[in-house]
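Asks: PDB, C-alpha atoms, pLDDT in the B column, file entry_11.pdb:
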```
ATOM      1  CA  ASP Z1223     -11.324 -15.397 -13.431  1.00 68.00           C
ATOM      2  CA  VAL Z1224     -11.086 -11.684 -14.032  1.00 68.00           C
ATOM      3  CA  LYS Z1225      -8.419 -10.884 -16.517  1.00 90.00           C
ATOM      4  CA  VAL Z1226      -6.730  -7.548 -17.097  1.00 95.00           C
ATOM      5  CA  THR Z1227      -4.324  -7.753 -20.000  1.00 96.00           C
ATOM      6  CA  GLN Z1228      -1.646  -5.226 -20.783  1.00 96.00           C
ATOM      7  CA  SER Z1229      -0.402  -5.359 -24.336  1.00 89.00           C
ATOM      8  CA  SER Z1230       3.340  -5.119 -23.701  1.00 90.00           C
ATOM      9  CA  ARG Z1231       5.354  -6.383 -20.749  1.00 93.00           C
ATOM     10  CA  TYR Z1232       8.528  -4.588 -21.776  1.00 96.00           C
ATOM     11  CA  LEU Z1233       9.056  -1.592 -24.038  1.00 96.00           C
ATOM     12  CA  VAL Z1234      12.117   0.441 -24.913  1.00 97.00           C
ATOM     13  CA  LYS Z1235      11.523   3.806 -26.557  1.00 97.00           C
ATOM     14  CA  ARG Z1236      13.543   6.865 -27.393  1.00 97.00           C
ATOM     15  CA  THR Z1237      13.048  10.362 -26.037  1.00 98.00           C
ATOM     16  CA  GLY Z1238      10.376  12.212 -27.992  1.00 97.00           C
ATOM     17  CA  GLU Z1239       8.626   9.111 -29.310  1.00 97.00           C
ATOM     18  CA  LYS Z1240       4.894   8.683 -28.925  1.00 97.00           C
ATOM     19  CA  VAL Z1241       4.074   5.662 -26.785  1.00 97.00           C
ATOM     20  CA  PHE Z1242       0.811   3.743 -26.496  1.00 97.00           C
ATOM     21  CA  LEU Z1243       0.127   1.397 -23.607  1.00 97.00           C
ATOM     22  CA  GLU Z1244      -2.977  -0.719 -24.051  1.00 97.00           C
ATOM     23  CA  CYS Z1245      -5.103  -2.382 -21.409  1.00 97.00           C
ATOM     24  CA  VAL Z1246      -8.072  -4.697 -21.907  1.00 97.00           C
ATOM     25  CA  GLN Z1247     -10.342  -6.220 -19.250  1.00 95.00           C
ATOM     26  CA  ASP Z1248     -12.865  -8.974 -19.730  1.00 93.00           C
ATOM     27  CA  MET Z1249     -15.213  -8.447 -16.769  1.00 87.00           C
ATOM     28  CA  ASP Z1250     -17.357  -5.607 -18.059  1.00 89.00           C
ATOM     29  CA  HIS Z1251     -15.924  -3.270 -15.412  1.00 90.00           C
ATOM     30  CA  GLU Z1252     -16.955   0.361 -15.578  1.00 90.00           C
ATOM     31  CA  ASN Z1253     -13.876   1.706 -13.789  1.00 91.00           C
ATOM     32  CA  MET Z1254     -10.391   1.511 -15.259  1.00 94.00           C
ATOM     33  CA  PHE Z1255      -7.167   3.005 -13.918  1.00 95.00           C
ATOM     34  CA  TRP Z1256      -3.591   3.692 -14.934  1.00 97.00           C
ATOM     35  CA  TYR Z1257      -0.881   3.822 -12.267  1.00 96.00           C
ATOM     36  CA  ARG Z1258       2.844   4.146 -12.362  1.00 97.00           C
ATOM     37  CA  GLN Z1259       5.072   2.544  -9.769  1.00 96.00           C
ATOM     38  CA  ASP Z1260       8.545   3.742  -8.892  1.00 95.00           C
ATOM     39  CA  PRO Z1261      10.909   2.637  -6.111  1.00 91.00           C
ATOM     40  CA  GLY Z1262      10.408   4.751  -3.023  1.00 87.00           C
ATOM     41  CA  LEU Z1263       7.372   6.532  -4.473  1.00 90.00           C
ATOM     42  CA  GLY Z1264       4.873   3.693  -4.435  1.00 90.00           C
ATOM     43  CA  LEU Z1265       1.835   3.557  -6.675  1.00 93.00           C
ATOM     44  CA  ARG Z1266       0.678   6.845  -8.131  1.00 94.00           C
ATOM     45  CA  LEU Z1267      -2.543   7.312 -10.049  1.00 94.00           C
ATOM     46  CA  ILE Z1268      -2.153   8.878 -13.480  1.00 96.00           C
ATOM     47  CA  TYR Z1269      -5.685   8.797 -14.899  1.00 96.00           C
ATOM     48  CA  PHE Z1270      -8.860   6.868 -14.411  1.00 93.00           C
ATOM     49  CA  SER Z1271     -12.091   6.385 -16.299  1.00 94.00           C
ATOM     50  CA  TYR Z1272     -15.515   5.472 -14.951  1.00 90.00           C
ATOM     51  CA  ASP Z1273     -17.286   5.132 -18.278  1.00 90.00           C
ATOM     52  CA  VAL Z1274     -16.667   5.096 -22.001  1.00 93.00           C
ATOM     53  CA  LYS Z1275     -15.232   8.408 -23.210  1.00 90.00           C
ATOM     54  CA  MET Z1276     -15.039   9.644 -19.597  1.00 91.00           C
ATOM     55  CA  LYS Z1277     -11.746  10.347 -17.885  1.00 94.00           C
ATOM     56  CA  GLU Z1278     -10.487  12.024 -14.760  1.00 93.00           C
ATOM     57  CA  LYS Z1279      -7.014  13.151 -13.802  1.00 94.00           C
ATOM     58  CA  GLY Z1280      -5.271  11.366 -11.029  1.00 92.00           C
ATOM     59  CA  ASP Z1281      -2.354  12.599  -8.984  1.00 91.00           C
ATOM     60  CA  ILE Z1282       0.248  12.853 -11.765  1.00 96.00           C
ATOM     61  CA  PRO Z1283      -1.440  13.393 -15.163  1.00 97.00           C
ATOM     62  CA  GLU Z1284       1.199  15.721 -16.618  1.00 96.00           C
ATOM     63  CA  GLY Z1285       2.806  14.310 -19.751  1.00 96.00           C
ATOM     64  CA  TYR Z1286       0.104  11.682 -20.218  1.00 98.00           C
ATOM     65  CA  SER Z1287      -3.253  11.357 -21.908  1.00 97.00           C
ATOM     66  CA  VAL Z1288      -5.774   8.526 -22.069  1.00 97.00           C
ATOM     67  CA  SER Z1289      -8.401   7.156 -24.368  1.00 97.00           C
ATOM     68  CA  ARG Z1290     -11.445   5.015 -23.628  1.00 97.00           C
ATOM     69  CA  GLU Z1291     -13.445   4.400 -26.788  1.00 96.00           C
ATOM     70  CA  LYS Z1292     -14.764   1.001 -25.696  1.00 96.00           C
ATOM     71  CA  LYS Z1293     -15.730  -0.192 -22.239  1.00 94.00           C
ATOM     72  CA  GLU Z1294     -13.172  -2.981 -22.160  1.00 96.00           C
ATOM     73  CA  ARG Z1295     -10.174  -0.983 -23.376  1.00 97.00           C
ATOM     74  CA  PHE Z1296      -8.246   1.860 -21.721  1.00 97.00           C
ATOM     75  CA  SER Z1297      -5.161   3.281 -23.369  1.00 97.00           C
ATOM     76  CA  LEU Z1298      -2.406   5.390 -21.872  1.00 98.00           C
ATOM     77  CA  ILE Z1299      -0.575   7.712 -24.251  1.00 98.00           C
ATOM     78  CA  LEU Z1300       2.758   9.409 -23.779  1.00 97.00           C
ATOM     79  CA  GLU Z1301       2.709  12.112 -26.435  1.00 94.00           C
ATOM     80  CA  SER Z1302       6.462  12.725 -26.273  1.00 97.00           C
ATOM     81  CA  ALA Z1303       8.263  10.270 -24.047  1.00 97.00           C
ATOM     82  CA  SER Z1304      10.901  11.578 -21.675  1.00 97.00           C
ATOM     83  CA  THR Z1305      13.482   9.752 -19.584  1.00 97.00           C
ATOM     84  CA  ASN Z1306      11.634  10.598 -16.363  1.00 97.00           C
ATOM     85  CA  GLN Z1307       8.734   8.513 -17.636  1.00 98.00           C
ATOM     86  CA  THR Z1308      10.813   5.367 -17.364  1.00 98.00           C
ATOM     87  CA  SER Z1309       8.724   3.315 -14.965  1.00 97.00           C
ATOM     88  CA  MET Z1310       6.452   0.347 -14.367  1.00 97.00           C
ATOM     89  CA  TYR Z1311       2.943   1.102 -15.599  1.00 98.00           C
ATOM     90  CA  LEU Z1312       0.028  -0.788 -14.103  1.00 97.00           C
ATOM     91  CA  CYS Z1313      -3.518  -0.950 -15.383  1.00 97.00           C
ATOM     92  CA  ALA Z1314      -6.430  -1.916 -13.130  1.00 95.00           C
ATOM     93  CA  SER Z1315     -10.182  -2.263 -13.333  1.00 93.00           C
ATOM     94  CA  SER Z1316     -13.170  -2.621 -11.027  1.00 88.00           C
ATOM     95  CA  HIS Z1317     -16.894  -2.284 -10.804  1.00 78.00           C
ATOM     96  CA  PRO Z1318     -17.995   0.922  -9.131  1.00 70.00           C
ATOM     97  CA  ARG Z1319     -18.864   0.625  -5.463  1.00 62.00           C
ATOM     98  CA  GLY Z1320     -22.367  -0.226  -4.442  1.00 55.00           C
ATOM     99  CA  GLY Z1321     -25.089  -1.920  -6.406  1.00 52.00           C
ATOM    100  CA  GLY Z1322     -24.377  -5.235  -4.745  1.00 53.00           C
ATOM    101  CA  VAL Z1323     -20.901  -5.552  -6.190  1.00 59.00           C
ATOM    102  CA  THR Z1324     -17.746  -5.596  -4.154  1.00 68.00           C
ATOM    103  CA  GLY Z1325     -15.744  -3.002  -6.031  1.00 77.00           C
ATOM    104  CA  GLU Z1326     -12.681  -5.260  -5.895  1.00 87.00           C
ATOM    105  CA  LEU Z1327      -9.749  -3.915  -7.896  1.00 90.00           C
ATOM    106  CA  PHE Z1328      -7.877  -6.176 -10.329  1.00 93.00           C
ATOM    107  CA  PHE Z1329      -4.506  -5.425 -11.883  1.00 95.00           C
ATOM    108  CA  GLY Z1330      -2.726  -6.393 -15.045  1.00 96.00           C
ATOM    109  CA  GLU Z1331       0.809  -7.776 -15.141  1.00 95.00           C
ATOM    110  CA  GLY Z1332       2.378  -4.401 -15.721  1.00 96.00           C
ATOM    111  CA  SER Z1333       4.346  -2.792 -18.551  1.00 97.00           C
ATOM    112  CA  ARG Z1334       7.960  -1.911 -17.897  1.00 97.00           C
ATOM    113  CA  LEU Z1335       8.801   1.133 -20.027  1.00 98.00           C
ATOM    114  CA  THR Z1336      12.344   2.332 -20.531  1.00 98.00           C
ATOM    115  CA  VAL Z1337      12.873   5.664 -22.274  1.00 98.00           C
ATOM    116  CA  LEU Z1338      16.397   6.216 -23.592  1.00 97.00           C
TER     117      LEU Z1338
ATOM    118  CA  LYS H1283      -7.188  13.356   2.515  1.00 85.00           C
ATOM    119  CA  GLN H1284      -6.813   9.652   3.246  1.00 90.00           C
ATOM    120  CA  GLU H1285      -3.338   8.444   4.155  1.00 93.00           C
ATOM    121  CA  VAL H1286      -2.359   4.785   4.419  1.00 96.00           C
ATOM    122  CA  THR H1287       0.724   3.614   6.306  1.00 96.00           C
ATOM    123  CA  GLN H1288       2.334   0.199   6.435  1.00 97.00           C
ATOM    124  CA  ILE H1289       4.936  -0.569   9.060  1.00 93.00           C
ATOM    125  CA  PRO H1290       7.441  -2.159   8.925  1.00 92.00           C
ATOM    126  CA  ALA H1291       8.695  -1.509   5.418  1.00 94.00           C
ATOM    127  CA  ALA H1292      10.515  -4.845   5.447  1.00 96.00           C
ATOM    128  CA  LEU H1293      10.240  -8.017   7.489  1.00 96.00           C
ATOM    129  CA  SER H1294      12.273 -11.198   7.511  1.00 97.00           C
ATOM    130  CA  VAL H1295      11.050 -14.358   9.277  1.00 97.00           C
ATOM    131  CA  PRO H1296      12.013 -18.042   9.361  1.00 97.00           C
ATOM    132  CA  GLU H1297       9.824 -20.539   7.558  1.00 97.00           C
ATOM    133  CA  GLY H1298       6.876 -21.839   9.567  1.00 97.00           C
ATOM    134  CA  GLU H1299       6.390 -18.712  11.630  1.00 97.00           C
ATOM    135  CA  ASN H1300       2.999 -17.040  11.938  1.00 97.00           C
ATOM    136  CA  LEU H1301       3.187 -13.338  11.181  1.00 96.00           C
ATOM    137  CA  VAL H1302       1.136 -10.172  11.114  1.00 97.00           C
ATOM    138  CA  LEU H1303       1.399  -7.306   8.664  1.00 97.00           C
ATOM    139  CA  ASN H1304      -0.043  -3.953   9.679  1.00 97.00           C
ATOM    140  CA  CYS H1305      -1.923  -1.271   7.791  1.00 98.00           C
ATOM    141  CA  SER H1306      -3.248   1.965   9.279  1.00 98.00           C
ATOM    142  CA  PHE H1307      -5.397   4.665   7.701  1.00 97.00           C
ATOM    143  CA  THR H1308      -6.317   8.162   8.804  1.00 95.00           C
ATOM    144  CA  ASP H1309      -9.959   8.492   7.717  1.00 91.00           C
ATOM    145  CA  SER H1310     -12.277   5.838   9.113  1.00 90.00           C
ATOM    146  CA  ALA H1311     -15.035   6.610   6.590  1.00 89.00           C
ATOM    147  CA  ILE H1312     -13.986   3.830   4.250  1.00 90.00           C
ATOM    148  CA  TYR H1313     -15.969   1.756   1.772  1.00 88.00           C
ATOM    149  CA  ASN H1314     -13.595  -1.185   1.658  1.00 90.00           C
ATOM    150  CA  LEU H1315     -10.002  -2.251   2.240  1.00 94.00           C
ATOM    151  CA  GLN H1316      -8.052  -4.568  -0.003  1.00 95.00           C
ATOM    152  CA  TRP H1317      -4.821  -6.500   0.516  1.00 97.00           C
ATOM    153  CA  PHE H1318      -2.567  -7.242  -2.444  1.00 97.00           C
ATOM    154  CA  ARG H1319       0.564  -9.226  -3.066  1.00 98.00           C
ATOM    155  CA  GLN H1320       3.225  -8.146  -5.552  1.00 97.00           C
ATOM    156  CA  ASP H1321       6.095 -10.284  -6.774  1.00 96.00           C
ATOM    157  CA  PRO H1322       9.163  -8.517  -8.207  1.00 93.00           C
ATOM    158  CA  GLY H1323       8.528  -7.082 -11.651  1.00 91.00           C
ATOM    159  CA  LYS H1324       4.900  -8.187 -11.668  1.00 93.00           C
ATOM    160  CA  GLY H1325       1.480  -6.653 -11.193  1.00 94.00           C
ATOM    161  CA  LEU H1326      -0.558  -6.738  -8.007  1.00 96.00           C
ATOM    162  CA  THR H1327      -2.588  -9.807  -7.109  1.00 95.00           C
ATOM    163  CA  SER H1328      -5.680  -9.310  -4.984  1.00 94.00           C
ATOM    164  CA  LEU H1329      -5.584 -11.400  -1.811  1.00 96.00           C
ATOM    165  CA  LEU H1330      -8.509 -10.285   0.314  1.00 96.00           C
ATOM    166  CA  LEU H1331     -11.175  -7.618   0.213  1.00 93.00           C
ATOM    167  CA  ILE H1332     -12.961  -6.476   3.367  1.00 93.00           C
ATOM    168  CA  GLN H1333     -16.087  -4.383   3.093  1.00 90.00           C
ATOM    169  CA  SER H1334     -16.609  -1.656   5.670  1.00 90.00           C
ATOM    170  CA  SER H1335     -19.382  -3.669   7.317  1.00 90.00           C
ATOM    171  CA  GLN H1336     -17.132  -6.704   7.828  1.00 93.00           C
ATOM    172  CA  ARG H1337     -14.616  -7.420  10.570  1.00 95.00           C
ATOM    173  CA  GLU H1338     -12.502 -10.038   8.817  1.00 95.00           C
ATOM    174  CA  GLN H1339     -12.003 -12.168   5.736  1.00 95.00           C
ATOM    175  CA  THR H1340     -10.175 -15.454   5.361  1.00 96.00           C
ATOM    176  CA  SER H1341      -8.597 -17.232   2.435  1.00 95.00           C
ATOM    177  CA  GLY H1342      -6.535 -20.329   3.126  1.00 96.00           C
ATOM    178  CA  ARG H1343      -3.631 -19.383   5.401  1.00 97.00           C
ATOM    179  CA  LEU H1344      -4.486 -15.689   5.168  1.00 98.00           C
ATOM    180  CA  ASN H1345      -6.773 -13.764   7.485  1.00 98.00           C
ATOM    181  CA  ALA H1346      -7.398 -10.048   7.213  1.00 97.00           C
ATOM    182  CA  SER H1347      -9.106  -8.040   9.932  1.00 97.00           C
ATOM    183  CA  LEU H1348     -10.540  -4.554   9.920  1.00 97.00           C
ATOM    184  CA  ASP H1349     -11.084  -2.145  12.816  1.00 96.00           C
ATOM    185  CA  LYS H1350     -12.484   1.039  11.362  1.00 93.00           C
ATOM    186  CA  SER H1351     -12.731   2.870  14.660  1.00 92.00           C
ATOM    187  CA  SER H1352      -8.991   2.592  15.244  1.00 95.00           C
ATOM    188  CA  GLY H1353      -8.100   2.953  11.567  1.00 96.00           C
ATOM    189  CA  ARG H1354      -6.296  -0.383  11.362  1.00 97.00           C
ATOM    190  CA  SER H1355      -6.192  -3.571   9.386  1.00 98.00           C
ATOM    191  CA  THR H1356      -3.953  -6.577   9.857  1.00 98.00           C
ATOM    192  CA  LEU H1357      -3.028  -9.400   7.506  1.00 97.00           C
ATOM    193  CA  TYR H1358      -2.249 -12.596   9.357  1.00 98.00           C
ATOM    194  CA  ILE H1359      -0.237 -15.251   7.532  1.00 98.00           C
ATOM    195  CA  ALA H1360      -0.169 -18.658   9.181  1.00 98.00           C
ATOM    196  CA  ALA H1361       2.700 -21.121   8.828  1.00 97.00           C
ATOM    197  CA  SER H1362       4.699 -18.929   6.468  1.00 97.00           C
ATOM    198  CA  GLN H1363       6.513 -20.468   3.495  1.00 97.00           C
ATOM    199  CA  PRO H1364       9.348 -19.205   1.276  1.00 97.00           C
ATOM    200  CA  GLY H1365       6.764 -18.827  -1.511  1.00 97.00           C
ATOM    201  CA  ASP H1366       5.058 -16.169   0.589  1.00 98.00           C
ATOM    202  CA  SER H1367       8.046 -13.889   0.026  1.00 98.00           C
ATOM    203  CA  ALA H1368       6.718 -10.810  -1.753  1.00 98.00           C
ATOM    204  CA  THR H1369       5.644  -7.241  -1.115  1.00 97.00           C
ATOM    205  CA  TYR H1370       2.240  -6.897   0.518  1.00 98.00           C
ATOM    206  CA  LEU H1371       0.232  -3.739  -0.018  1.00 98.00           C
ATOM    207  CA  CYS H1372      -2.991  -2.576   1.506  1.00 97.00           C
ATOM    208  CA  ALA H1373      -5.318  -0.105  -0.161  1.00 95.00           C
ATOM    209  CA  VAL H1374      -8.349   1.753   1.092  1.00 94.00           C
ATOM    210  CA  ARG H1375     -11.319   3.009  -0.849  1.00 90.00           C
ATOM    211  CA  SER H1376     -12.715   5.984   1.014  1.00 84.00           C
ATOM    212  CA  GLY H1377     -16.451   6.511   1.207  1.00 70.00           C
ATOM    213  CA  SER H1378     -16.661   9.232  -1.404  1.00 66.00           C
ATOM    214  CA  ALA H1379     -13.822   8.262  -3.729  1.00 70.00           C
ATOM    215  CA  ARG H1380     -13.732   6.174  -6.883  1.00 72.00           C
ATOM    216  CA  GLN H1381     -10.075   5.321  -6.499  1.00 78.00           C
ATOM    217  CA  LEU H1382      -8.025   3.607  -3.810  1.00 87.00           C
ATOM    218  CA  THR H1383      -5.301   5.021  -1.605  1.00 91.00           C
ATOM    219  CA  PHE H1384      -2.344   2.668  -1.352  1.00 94.00           C
ATOM    220  CA  GLY H1385       0.165   2.074   1.381  1.00 95.00           C
ATOM    221  CA  SER H1386       3.829   1.806   0.471  1.00 94.00           C
ATOM    222  CA  GLY H1387       3.925  -1.904   1.237  1.00 96.00           C
ATOM    223  CA  THR H1388       5.768  -4.357   3.468  1.00 97.00           C
ATOM    224  CA  GLN H1389       8.463  -6.449   1.813  1.00 97.00           C
ATOM    225  CA  LEU H1390       8.299  -9.911   3.357  1.00 98.00           C
ATOM    226  CA  THR H1391      11.095 -12.443   3.154  1.00 98.00           C
ATOM    227  CA  VAL H1392      10.490 -15.948   4.485  1.00 97.00           C
ATOM    228  CA  LEU H1393      13.765 -17.761   5.020  1.00 97.00           C
ATOM    229  CA  PRO H1394      13.960 -21.517   4.394  1.00 95.00           C
TER     230      PRO H1394
END
```
Render the structure in this file as structure tokens.
Replies:
Amino acid sequence: DVKVTQSSRYLVKRTGEKVFLECVQDMDHENMFWYRQDPGLGLRLIYFSYDVKMKEKGDIPEGYSVSREKKERFSLILESASTNQTSMYLCASSHPRGGGVTGELFFGEGSRLTVL
Amino acid sequence: KQEVTQIPAALSVPEGENLVLNCSFTDSAIYNLQWFRQDPGKGLTSLLLIQSSQREQTSGRLNASLDKSSGRSTLYIAASQPGDSATYLCAVRSGSARQLTFGSGTQLTVLP
């Protein structure tokens, strides 16, 4: 089974702290994604990466950065956490479309971040 | 820009009923469509993936159909059970995009 593992299920941080959210996948997927999910706003894409050291901004990249030094690992960084970044963060991965693969997207269990 | 809509936002049915969840999208040039289930406080679990060349996919009591020309997909759940209670989301990968566009989901409650 495909497994996408997020390092922390629950985090509580203080305003101004630097926060790292880690995500690891074990299916050799090229594409990796970070979303946040908030009630009434649905899933919003923060950043995605389609290869090592490559990244692209999603819909709401402000206040976030990412790192992809290895194919299996994609990190989301909050340089200075703020209360409006309290949310559920979801990591996902997939093969790219085409090439005989389905491009199915798989999610991790989520990381619930609370910023006080 | 692709837009995905799921109506209704919430649905409550008695156990044993067959039900249909709806998903509509504005741009028919899609690569695939995926249905997910999400339990409270958890991540999304992939249920079914339909490629653009397919009309339907089945897994157990679930059947998903795709009609690209009308911009619609349905998720049919047969003989619903209380354990089916969750939020169901559909997502579309458009032909030229790397990422998916998600609907806002339908919250399903199956009453015992």
Asks: Evaluate the ChimeraX specification (/Z :<8) & /H against this structure - the residues, as a list in words, please.
Replies: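 Expected selection for the ChimeraX specification (/Z :<8) & /H here is Tyr1313, Gln1316, Gly1323, Lys1324, Gly1325, Leu1326, Thr1327, Ser1328, Leu1331, Gln1333, Arg1380, Phe1384, Gly1385 and Ser1386 of chain H.
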Asks: Run the PyMOL selection byres ((chain H and resi 1335) around 10) against the file shown and list the residues it catches, as an MDAnalysis selection string.
Replies: chainID H and resid 1312:1314 1332:1334 1336:1338 1348 1350
Asks: Which residues match the PyMOL selection byres ((chain H and resi 1302) around 12) in the file above, as a ChimeraX atom specification?
Replies: /H:1288-1290,1293-1295,1299-1301,1303-1305,1343-1347,1355-1362,1370,1388,1390
Asks: How far is it from CA of Gly1285 in chain Z to CA of Ser1302 in chain Z, in Å with one decimal?
Replies: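 Calculated distance between CA of Gly1285 in chain Z and CA of Ser1302 in chain Z is 7.6 Å.
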Asks: Measuring atom to atom with only C-alpha atoms, identify which of Z:Lys1275, Z:Lys1292, Z:Ser1287, Z:Asn1306 is nearest to Phe1242 in chain Z.
Replies: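 Comparing Z:Lys1275, Z:Lys1292, Z:Ser1287, Z:Asn1306 against Phe1242 in chain Z, the winner is Z:Ser1287.
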Asks: Kindly provide, as AutoDock Vina command-line options, the centre and edge lengths (Å, one decimal) of an axis-aligned box around all atoms of range 1295-1310 of chain Z given in the file, with 3 Å on each side.
Replies:
```
--center_x 1.7 --center_y 5.9 --center_z -20.4 --size_x 29.7 --size_y 19.7 --size_z 18.1
```
Asks: How many Å lie between CA of Leu1393 in chain H and CA of Pro1296 in chain H, rounded to one decimal?
Replies: 4.7 Å
Asks: One decimal, Å: what's the distance from CA of Phe1296 in chain Z over to CA of Ile1268 in chain Z, could you say?
Replies: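 Between these atoms lies a distance of 12.4 Å.
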Asks: With only C-alpha atoms counted, which protein, DNA or RNA residues have an atom no more than 8 Å from (8.6, 8.6, -23.3) in the file frame? Please answer as a list in words.
Replies: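 Residues satisfying the cut-off, written out: Lys1235, Arg1236, Thr1237, Gly1238, Glu1239, Lys1240, Val1241, Leu1300, Glu1301, Ser1302, Ala1303, Ser1304, Thr1305, Asn1306, Gln1307, Thr1308, Thr1336 and Val1337 of chain Z.
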Asks: Under the rule that only C-alpha atoms are counted, which of H:Leu1315, H:Gln1363, H:Gly1342, H:Ser1351 is the nearest residue to Gln1381 in chain H?
Replies: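 Of the candidates, the smallest distance to Gln1381 in chain H is held by H:Leu1315.
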Asks: Place a sphere of radius 6 Å on (-8.7, 11.5, -19.8) in the file coordinates and name every protein, DNA or RNA residue with an atom inside or on its surface, counting only C-alpha atoms; give the answer as a list of chain:residue names.
Replies: Z:Lys1277, Z:Glu1278, Z:Ser1287, Z:Val1288
Asks: Would you please work out which residue, of H:Val1286, H:Ala1292, H:Leu1329, H:Val1392, is nearest to Gly1365 in chain H when using only C-alpha atoms?
Replies: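 Distance minimum relative to Gly1365 in chain H lands on H:Val1392.
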Asks: Out of H:Ser1376, H:Thr1287, H:Thr1391, H:Ser1306, which residue has the shortest atom-to-atom distance to Pro1364 in chain H when counting only C-alpha atoms?
Replies: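 Among the listed residues, the smallest separation from Pro1364 in chain H belongs to H:Thr1391.
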